[in-house]
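Chemist: Take this structure, written in structure tokens, and hold onto it; I'll ask about it next.
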Amino acid sequence: MNTLVLIIYIVVFLYSVILHEIAHGWVANHFGDDTARISGRLSLNPLVHIDPFGSIIFPALLYLSTGFAFGYARPVPVNPYRLKGGQVAYRWVTMAGVLTNFCLAIISALVLKVSIQVFGLGLDNLGVIFFQFAMLLNIVLAVFNSLPLPGFDGFNFLASFKWFASLVGKTPVANPLFMARYGLIVSLLILFIIWPFIGDIIYFFISLFSRIFGI
């Protein structure tokens, strides 16, 4: 049973991050940038999305040390200069993944409600476990990716506004060489420092979903 639960967790995790990335590419393609499509990144095949560190090494280390696995897929390529619609189109592209995760969380919550309250399935049912993980992981993904940290969707969204770009332009974050070398380390360090605050946000949304859907 524990092995099956772990397999369910991995499958839900992989496809939650994969659908997140596909959403970026799909919206970019909708607005005229077919970079992700011609790169084969609009596929559900996990092999084209897996990032060796973010999808395998980091989640494994996190799971072994905390019992909780979390990570990310390889970002889809997007060329903002090919988007038809300017900054508005780019903002939709940046937030497509977050909106997808929230939609998946809502769908999972609805399925859970029907499964438990209408069909009377128990919490040990594998289908119920699947959608529990789907709801929780997609809430976590949506919150994390909304953070205004370098490399996160929230940061890219804010960077499309002149006031934020001007503010960031005065920091080392605006230096591509610095970001290539230290961007991930900087983001992980900030995450570690503000983790209690992030945990509160995640708990708020989980509680909100529980109240709204009565689960």
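The way I read the labels, and the way they are meant: chains A, B, ... in the order of the structure tokens, residue 1 as the first residue of every chain, and ligand 1 as the first ligand shown, with later ones counted on from there.
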Tell me, as a PyMOL selection string, which residues lie within 8 Å of range 68-81 of chain A, counting only C-alpha atoms; anything in the same chain fewer than 2 positions away does not count.

Modeler: chain A and resi 13-14+17-18+21-22+24-25+28+33+35-36+41+49-51+54-56+58-60+62-64+66+83+86+90

Chemist: Within 7 Å of range 134-148 of chain A, which residues of range 45-105 of chain A show up? Give each one with its shortest atom-to-atom distance in Å (one decimal) and the two atoms involved, counting only C-alpha atoms, rows by chain then rising residue number, as CSV.

Modeler:
```
residue,atom,partner,partner_atom,distance
A:Val98,CA,A:Ala142,CA,4.7
A:Asn101,CA,A:Asn138,CA,4.9
A:Phe102,CA,A:Ala142,CA,6.2
A:Leu104,CA,A:Asn138,CA,6.5
A:Ala105,CA,A:Met135,CA,4.2
```

Chemist: Extract the full set of alpha helix (DSSP H) residues from range 5-181 of chain A according to DSSP on the backbone, and format it as a CSV table (one decimal) with N, CA and C atoms, in the first residue's frame.

Modeler:
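Wrote selection-v8.csv, looks like this:
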```csv
chain,number,residue,atom,x,y,z
A,5,VAL,N,1.0,4.2,-2.8
A,5,VAL,CA,0.8,5.6,-2.5
A,5,VAL,C,2.0,6.5,-3.0
A,6,LEU,N,3.2,5.9,-2.8
A,6,LEU,CA,4.4,6.7,-3.3
A,6,LEU,C,4.3,6.8,-4.8
A,7,ILE,N,3.9,5.7,-5.5
A,7,ILE,CA,3.8,5.8,-7.0
A,7,ILE,C,2.8,6.8,-7.4
A,8,ILE,N,1.6,6.8,-6.7
A,8,ILE,CA,0.6,7.8,-7.0
A,8,ILE,C,1.1,9.2,-6.8
A,9,TYR,N,1.9,9.4,-5.7
A,9,TYR,CA,2.4,10.8,-5.4
A,9,TYR,C,3.3,11.2,-6.5
A,10,ILE,N,4.2,10.3,-7.0
A,10,ILE,CA,5.2,10.7,-8.0
A,10,ILE,C,4.4,11.0,-9.3
A,11,VAL,N,3.4,10.2,-9.7
A,11,VAL,CA,2.7,10.4,-10.9
A,11,VAL,C,2.0,11.8,-10.8
A,12,VAL,N,1.3,12.0,-9.7
A,12,VAL,CA,0.6,13.3,-9.5
A,12,VAL,C,1.6,14.5,-9.6
A,13,PHE,N,2.7,14.3,-8.9
A,13,PHE,CA,3.7,15.4,-8.9
A,13,PHE,C,4.2,15.7,-10.3
A,14,LEU,N,4.6,14.6,-11.0
A,14,LEU,CA,5.2,14.8,-12.4
A,14,LEU,C,4.2,15.5,-13.3
A,15,TYR,N,3.0,15.0,-13.3
A,15,TYR,CA,2.0,15.6,-14.3
A,15,TYR,C,1.5,16.9,-13.8
A,16,SER,N,1.6,17.2,-12.6
A,16,SER,CA,1.2,18.6,-12.1
A,16,SER,C,2.2,19.6,-12.6
A,17,VAL,N,3.5,19.3,-12.5
A,17,VAL,CA,4.5,20.2,-13.0
A,17,VAL,C,4.6,20.2,-14.5
A,18,ILE,N,4.3,19.1,-15.2
A,18,ILE,CA,4.3,19.0,-16.6
A,18,ILE,C,3.2,19.8,-17.2
A,19,LEU,N,2.0,19.7,-16.7
A,19,LEU,CA,0.8,20.5,-17.2
A,19,LEU,C,1.1,22.0,-16.9
A,20,HIS,N,1.8,22.3,-15.8
A,20,HIS,CA,2.1,23.7,-15.6
A,20,HIS,C,3.0,24.2,-16.7
A,21,GLU,N,4.0,23.5,-17.1
A,21,GLU,CA,4.9,23.9,-18.2
A,21,GLU,C,4.2,23.9,-19.5
A,22,ILE,N,3.4,22.9,-19.8
A,22,ILE,CA,2.6,22.9,-21.1
A,22,ILE,C,1.7,24.1,-21.2
A,23,ALA,N,1.1,24.5,-20.1
A,23,ALA,CA,0.2,25.7,-20.1
A,23,ALA,C,1.0,26.9,-20.6
A,24,HIS,N,2.2,27.1,-20.1
A,24,HIS,CA,3.0,28.2,-20.6
A,24,HIS,C,3.2,28.2,-22.1
A,25,GLY,N,3.6,27.0,-22.6
A,25,GLY,CA,3.9,26.8,-24.0
A,25,GLY,C,2.6,27.0,-24.8
A,26,TRP,N,1.5,26.4,-24.3
A,26,TRP,CA,0.2,26.5,-25.1
A,26,TRP,C,-0.3,27.9,-25.2
A,27,VAL,N,-0.2,28.7,-24.1
A,27,VAL,CA,-0.7,30.1,-24.2
A,27,VAL,C,0.3,30.9,-25.1
A,28,ALA,N,1.6,30.6,-25.0
A,28,ALA,CA,2.5,31.3,-25.8
A,28,ALA,C,2.2,31.0,-27.3
A,29,ASN,N,1.9,29.8,-27.6
A,29,ASN,CA,1.6,29.4,-29.0
A,29,ASN,C,0.3,30.1,-29.4
A,30,HIS,N,-0.6,30.2,-28.5
A,30,HIS,CA,-1.9,30.9,-28.8
A,30,HIS,C,-1.6,32.4,-29.2
A,35,THR,N,7.6,28.6,-30.3
A,35,THR,CA,8.9,28.0,-29.9
A,35,THR,C,8.7,26.7,-29.1
A,36,ALA,N,7.8,26.7,-28.1
A,36,ALA,CA,7.6,25.5,-27.3
A,36,ALA,C,7.0,24.4,-28.2
A,37,ARG,N,6.1,24.7,-29.1
A,37,ARG,CA,5.5,23.7,-29.9
A,37,ARG,C,6.5,23.0,-30.8
A,38,ILE,N,7.3,23.8,-31.6
A,38,ILE,CA,8.2,23.2,-32.5
A,38,ILE,C,9.4,22.6,-31.8
A,58,PHE,N,16.7,16.9,-6.7
A,58,PHE,CA,16.2,17.7,-5.6
A,58,PHE,C,15.0,17.1,-4.9
A,59,PRO,N,14.0,16.6,-5.6
A,59,PRO,CA,12.9,15.9,-4.9
A,59,PRO,C,13.3,14.7,-4.1
A,60,ALA,N,14.3,13.9,-4.6
A,60,ALA,CA,14.8,12.8,-3.9
A,60,ALA,C,15.5,13.2,-2.6
A,61,LEU,N,16.3,14.2,-2.7
A,61,LEU,CA,17.0,14.6,-1.5
A,61,LEU,C,16.1,15.2,-0.4
A,62,LEU,N,15.1,16.0,-1.0
A,62,LEU,CA,14.1,16.6,-0.1
A,62,LEU,C,13.2,15.5,0.6
A,63,TYR,N,12.9,14.5,-0.2
A,63,TYR,CA,12.1,13.4,0.4
A,63,TYR,C,12.9,12.6,1.5
A,64,LEU,N,14.1,12.3,1.2
A,64,LEU,CA,14.9,11.6,2.2
A,64,LEU,C,15.2,12.3,3.4
A,65,SER,N,15.2,13.7,3.3
A,65,SER,CA,15.6,14.5,4.5
A,65,SER,C,14.3,15.0,5.3
A,66,THR,N,13.2,15.1,4.5
A,66,THR,CA,12.0,15.7,5.2
A,66,THR,C,10.8,14.8,5.1
A,86,GLY,N,2.0,42.0,-27.0
A,86,GLY,CA,2.9,42.7,-26.1
A,86,GLY,C,2.9,42.2,-24.7
A,87,GLN,N,3.0,43.2,-23.8
A,87,GLN,CA,3.2,42.8,-22.3
A,87,GLN,C,1.9,42.1,-21.8
A,88,VAL,N,0.8,42.4,-22.3
A,88,VAL,CA,-0.5,41.7,-21.8
A,88,VAL,C,-0.4,40.2,-22.2
A,89,ALA,N,0.0,39.9,-23.4
A,89,ALA,CA,0.2,38.5,-23.8
A,89,ALA,C,1.2,37.8,-22.9
A,90,TYR,N,2.3,38.5,-22.7
A,90,TYR,CA,3.4,37.9,-21.9
A,90,TYR,C,2.9,37.6,-20.5
A,91,ARG,N,2.1,38.5,-19.9
A,91,ARG,CA,1.6,38.3,-18.6
A,91,ARG,C,0.7,37.1,-18.5
A,92,TRP,N,-0.1,36.9,-19.5
A,92,TRP,CA,-0.9,35.7,-19.6
A,92,TRP,C,0.0,34.4,-19.7
A,93,VAL,N,1.1,34.5,-20.4
A,93,VAL,CA,2.0,33.4,-20.5
A,93,VAL,C,2.6,33.1,-19.2
A,94,THR,N,3.1,34.1,-18.5
A,94,THR,CA,3.8,33.9,-17.2
A,94,THR,C,2.8,33.3,-16.2
A,95,MET,N,1.6,33.6,-16.2
A,95,MET,CA,0.7,33.1,-15.1
A,95,MET,C,-0.2,31.9,-15.6
A,96,ALA,N,0.1,31.4,-16.8
A,96,ALA,CA,-0.7,30.3,-17.3
A,96,ALA,C,-0.5,29.1,-16.4
A,97,GLY,N,0.7,28.8,-16.0
A,97,GLY,CA,1.0,27.7,-15.2
A,97,GLY,C,0.3,27.7,-13.8
A,98,VAL,N,0.4,28.9,-13.2
A,98,VAL,CA,-0.3,29.1,-11.9
A,98,VAL,C,-1.8,28.9,-12.0
A,99,LEU,N,-2.4,29.5,-13.0
A,99,LEU,CA,-3.8,29.3,-13.2
A,99,LEU,C,-4.2,27.9,-13.5
A,100,THR,N,-3.3,27.2,-14.2
A,100,THR,CA,-3.6,25.7,-14.5
A,100,THR,C,-3.5,24.9,-13.2
A,101,ASN,N,-2.5,25.2,-12.3
A,101,ASN,CA,-2.5,24.5,-11.1
A,101,ASN,C,-3.7,24.8,-10.2
A,102,PHE,N,-4.2,26.0,-10.2
A,102,PHE,CA,-5.3,26.3,-9.4
A,102,PHE,C,-6.6,25.6,-10.0
A,103,CYS,N,-6.7,25.5,-11.3
A,103,CYS,CA,-7.8,24.8,-11.9
A,103,CYS,C,-7.7,23.3,-11.6
A,104,LEU,N,-6.6,22.8,-11.6
A,104,LEU,CA,-6.4,21.3,-11.3
A,104,LEU,C,-6.8,21.1,-9.8
A,105,ALA,N,-6.4,22.0,-9.0
A,105,ALA,CA,-6.7,21.9,-7.5
A,105,ALA,C,-8.2,21.9,-7.3
A,106,ILE,N,-8.9,22.8,-8.1
A,106,ILE,CA,-10.4,23.0,-8.0
A,106,ILE,C,-11.1,21.7,-8.5
A,107,ILE,N,-10.6,21.2,-9.6
A,107,ILE,CA,-11.2,20.0,-10.2
A,107,ILE,C,-11.0,18.8,-9.2
A,108,SER,N,-9.8,18.7,-8.7
A,108,SER,CA,-9.5,17.6,-7.7
A,108,SER,C,-10.4,17.7,-6.5
A,109,ALA,N,-10.6,18.9,-6.0
A,109,ALA,CA,-11.5,19.1,-4.8
A,109,ALA,C,-12.9,18.7,-5.1
A,110,LEU,N,-13.4,19.1,-6.3
A,110,LEU,CA,-14.8,18.7,-6.7
A,110,LEU,C,-14.9,17.2,-6.8
A,111,VAL,N,-13.9,16.5,-7.4
A,111,VAL,CA,-13.9,15.0,-7.5
A,111,VAL,C,-13.9,14.4,-6.1
A,112,LEU,N,-13.1,15.0,-5.2
A,112,LEU,CA,-13.0,14.5,-3.8
A,112,LEU,C,-14.3,14.6,-3.2
A,113,LYS,N,-15.0,15.7,-3.3
A,113,LYS,CA,-16.3,15.9,-2.6
A,113,LYS,C,-17.3,14.9,-3.1
A,126,LEU,N,-7.6,4.4,-3.2
A,126,LEU,CA,-6.5,4.9,-4.0
A,126,LEU,C,-6.9,6.0,-4.8
A,127,GLY,N,-8.2,6.0,-5.3
A,127,GLY,CA,-8.7,7.1,-6.1
A,127,GLY,C,-8.8,8.4,-5.3
A,128,VAL,N,-9.3,8.3,-4.1
A,128,VAL,CA,-9.4,9.4,-3.2
A,128,VAL,C,-8.0,9.9,-2.8
A,129,ILE,N,-7.0,9.0,-2.6
A,129,ILE,CA,-5.7,9.4,-2.3
A,129,ILE,C,-5.1,10.2,-3.5
A,130,PHE,N,-5.3,9.7,-4.7
A,130,PHE,CA,-4.8,10.4,-5.9
A,130,PHE,C,-5.3,11.8,-5.9
A,131,PHE,N,-6.6,12.0,-5.7
A,131,PHE,CA,-7.1,13.4,-5.9
A,131,PHE,C,-6.8,14.3,-4.7
A,132,GLN,N,-6.6,13.6,-3.5
A,132,GLN,CA,-6.1,14.4,-2.4
A,132,GLN,C,-4.7,15.0,-2.7
A,133,PHE,N,-3.8,14.1,-3.2
A,133,PHE,CA,-2.5,14.6,-3.6
A,133,PHE,C,-2.6,15.7,-4.7
A,134,ALA,N,-3.5,15.4,-5.7
A,134,ALA,CA,-3.6,16.4,-6.8
A,134,ALA,C,-4.1,17.7,-6.3
A,135,MET,N,-5.0,17.8,-5.3
A,135,MET,CA,-5.4,19.1,-4.8
A,135,MET,C,-4.3,19.7,-4.0
A,136,LEU,N,-3.7,19.0,-3.1
A,136,LEU,CA,-2.7,19.6,-2.3
A,136,LEU,C,-1.4,20.0,-3.0
A,137,LEU,N,-0.9,19.2,-3.9
A,137,LEU,CA,0.3,19.5,-4.7
A,137,LEU,C,0.0,20.7,-5.6
A,138,ASN,N,-1.1,20.8,-6.2
A,138,ASN,CA,-1.4,21.9,-7.1
A,138,ASN,C,-1.6,23.2,-6.4
A,139,ILE,N,-2.1,23.1,-5.2
A,139,ILE,CA,-2.2,24.3,-4.4
A,139,ILE,C,-0.7,24.8,-4.0
A,140,VAL,N,0.1,23.9,-3.6
A,140,VAL,CA,1.5,24.2,-3.3
A,140,VAL,C,2.2,24.8,-4.5
A,141,LEU,N,2.1,24.1,-5.7
A,141,LEU,CA,2.7,24.6,-6.9
A,141,LEU,C,2.2,26.0,-7.3
A,142,ALA,N,0.9,26.2,-7.1
A,142,ALA,CA,0.4,27.6,-7.5
A,142,ALA,C,1.0,28.6,-6.6
A,143,VAL,N,1.0,28.3,-5.3
A,143,VAL,CA,1.6,29.3,-4.3
A,143,VAL,C,3.1,29.6,-4.6
A,144,PHE,N,3.8,28.5,-4.7
A,144,PHE,CA,5.3,28.6,-4.9
A,144,PHE,C,5.6,29.4,-6.2
A,145,ASN,N,4.9,29.1,-7.3
A,145,ASN,CA,5.2,29.7,-8.5
A,145,ASN,C,4.7,31.2,-8.6
A,153,ASP,N,7.3,32.3,-11.6
A,153,ASP,CA,6.4,32.9,-12.5
A,153,ASP,C,5.9,34.3,-11.9
A,154,GLY,N,5.8,34.4,-10.6
A,154,GLY,CA,5.4,35.6,-10.0
A,154,GLY,C,6.4,36.8,-10.3
A,155,PHE,N,7.7,36.4,-10.3
A,155,PHE,CA,8.7,37.4,-10.6
A,155,PHE,C,8.6,37.8,-12.1
A,156,ASN,N,8.5,36.8,-13.0
A,156,ASN,CA,8.4,37.2,-14.4
A,156,ASN,C,7.1,38.0,-14.7
A,157,PHE,N,6.0,37.7,-14.0
A,157,PHE,CA,4.8,38.5,-14.2
A,157,PHE,C,5.1,40.0,-13.8
A,158,LEU,N,5.7,40.2,-12.6
A,158,LEU,CA,5.9,41.5,-12.1
A,158,LEU,C,7.0,42.3,-13.0
A,159,ALA,N,7.9,41.5,-13.6
A,159,ALA,CA,9.0,42.1,-14.4
A,159,ALA,C,8.4,42.7,-15.7
A,162,LYS,N,6.9,48.2,-15.8
A,162,LYS,CA,8.1,49.1,-15.8
A,162,LYS,C,8.6,49.4,-14.4
A,163,TRP,N,7.7,49.7,-13.4
A,163,TRP,CA,8.1,50.1,-12.1
A,163,TRP,C,8.9,49.0,-11.4
A,164,PHE,N,8.5,47.7,-11.6
A,164,PHE,CA,9.2,46.6,-11.0
A,164,PHE,C,10.5,46.3,-11.8
A,165,ALA,N,10.5,46.4,-13.1
A,165,ALA,CA,11.7,46.2,-13.9
A,165,ALA,C,12.8,47.3,-13.5
A,166,SER,N,12.3,48.5,-13.3
A,166,SER,CA,13.2,49.6,-12.9
A,166,SER,C,13.8,49.3,-11.5
A,167,LEU,N,13.0,48.8,-10.6
A,167,LEU,CA,13.5,48.5,-9.3
A,167,LEU,C,14.5,47.4,-9.3
A,168,VAL,N,14.2,46.3,-10.0
A,168,VAL,CA,15.1,45.1,-10.1
A,168,VAL,C,16.3,45.5,-10.9
A,176,PRO,N,22.6,39.1,-16.0
A,176,PRO,CA,22.4,37.7,-16.5
A,176,PRO,C,23.5,36.8,-16.0
A,177,LEU,N,24.8,37.3,-15.9
A,177,LEU,CA,25.9,36.4,-15.5
A,177,LEU,C,25.7,36.0,-14.0
A,178,PHE,N,25.3,37.0,-13.2
A,178,PHE,CA,25.1,36.7,-11.8
A,178,PHE,C,24.0,35.7,-11.6
A,179,MET,N,22.9,35.9,-12.4
A,179,MET,CA,21.7,35.0,-12.3
A,179,MET,C,22.1,33.6,-12.7
A,180,ALA,N,22.9,33.5,-13.8
A,180,ALA,CA,23.3,32.2,-14.3
A,180,ALA,C,24.1,31.4,-13.2
A,181,ARG,N,24.9,32.1,-12.5
A,181,ARG,CA,25.8,31.5,-11.5
A,181,ARG,C,25.1,31.3,-10.1
```

Chemist: Between CA of Phe161 in chain A and CA of Leu149 in chain A, what distance in Å does the model show, to one decimal?

Modeler: 15.0 Å

Chemist: Measuring between only C-alpha atoms, which one of A:Trp195, A:Pro150, A:Leu188, A:Phe205 shows the shortest distance to Ala174 in chain A?

Modeler: A:Pro150
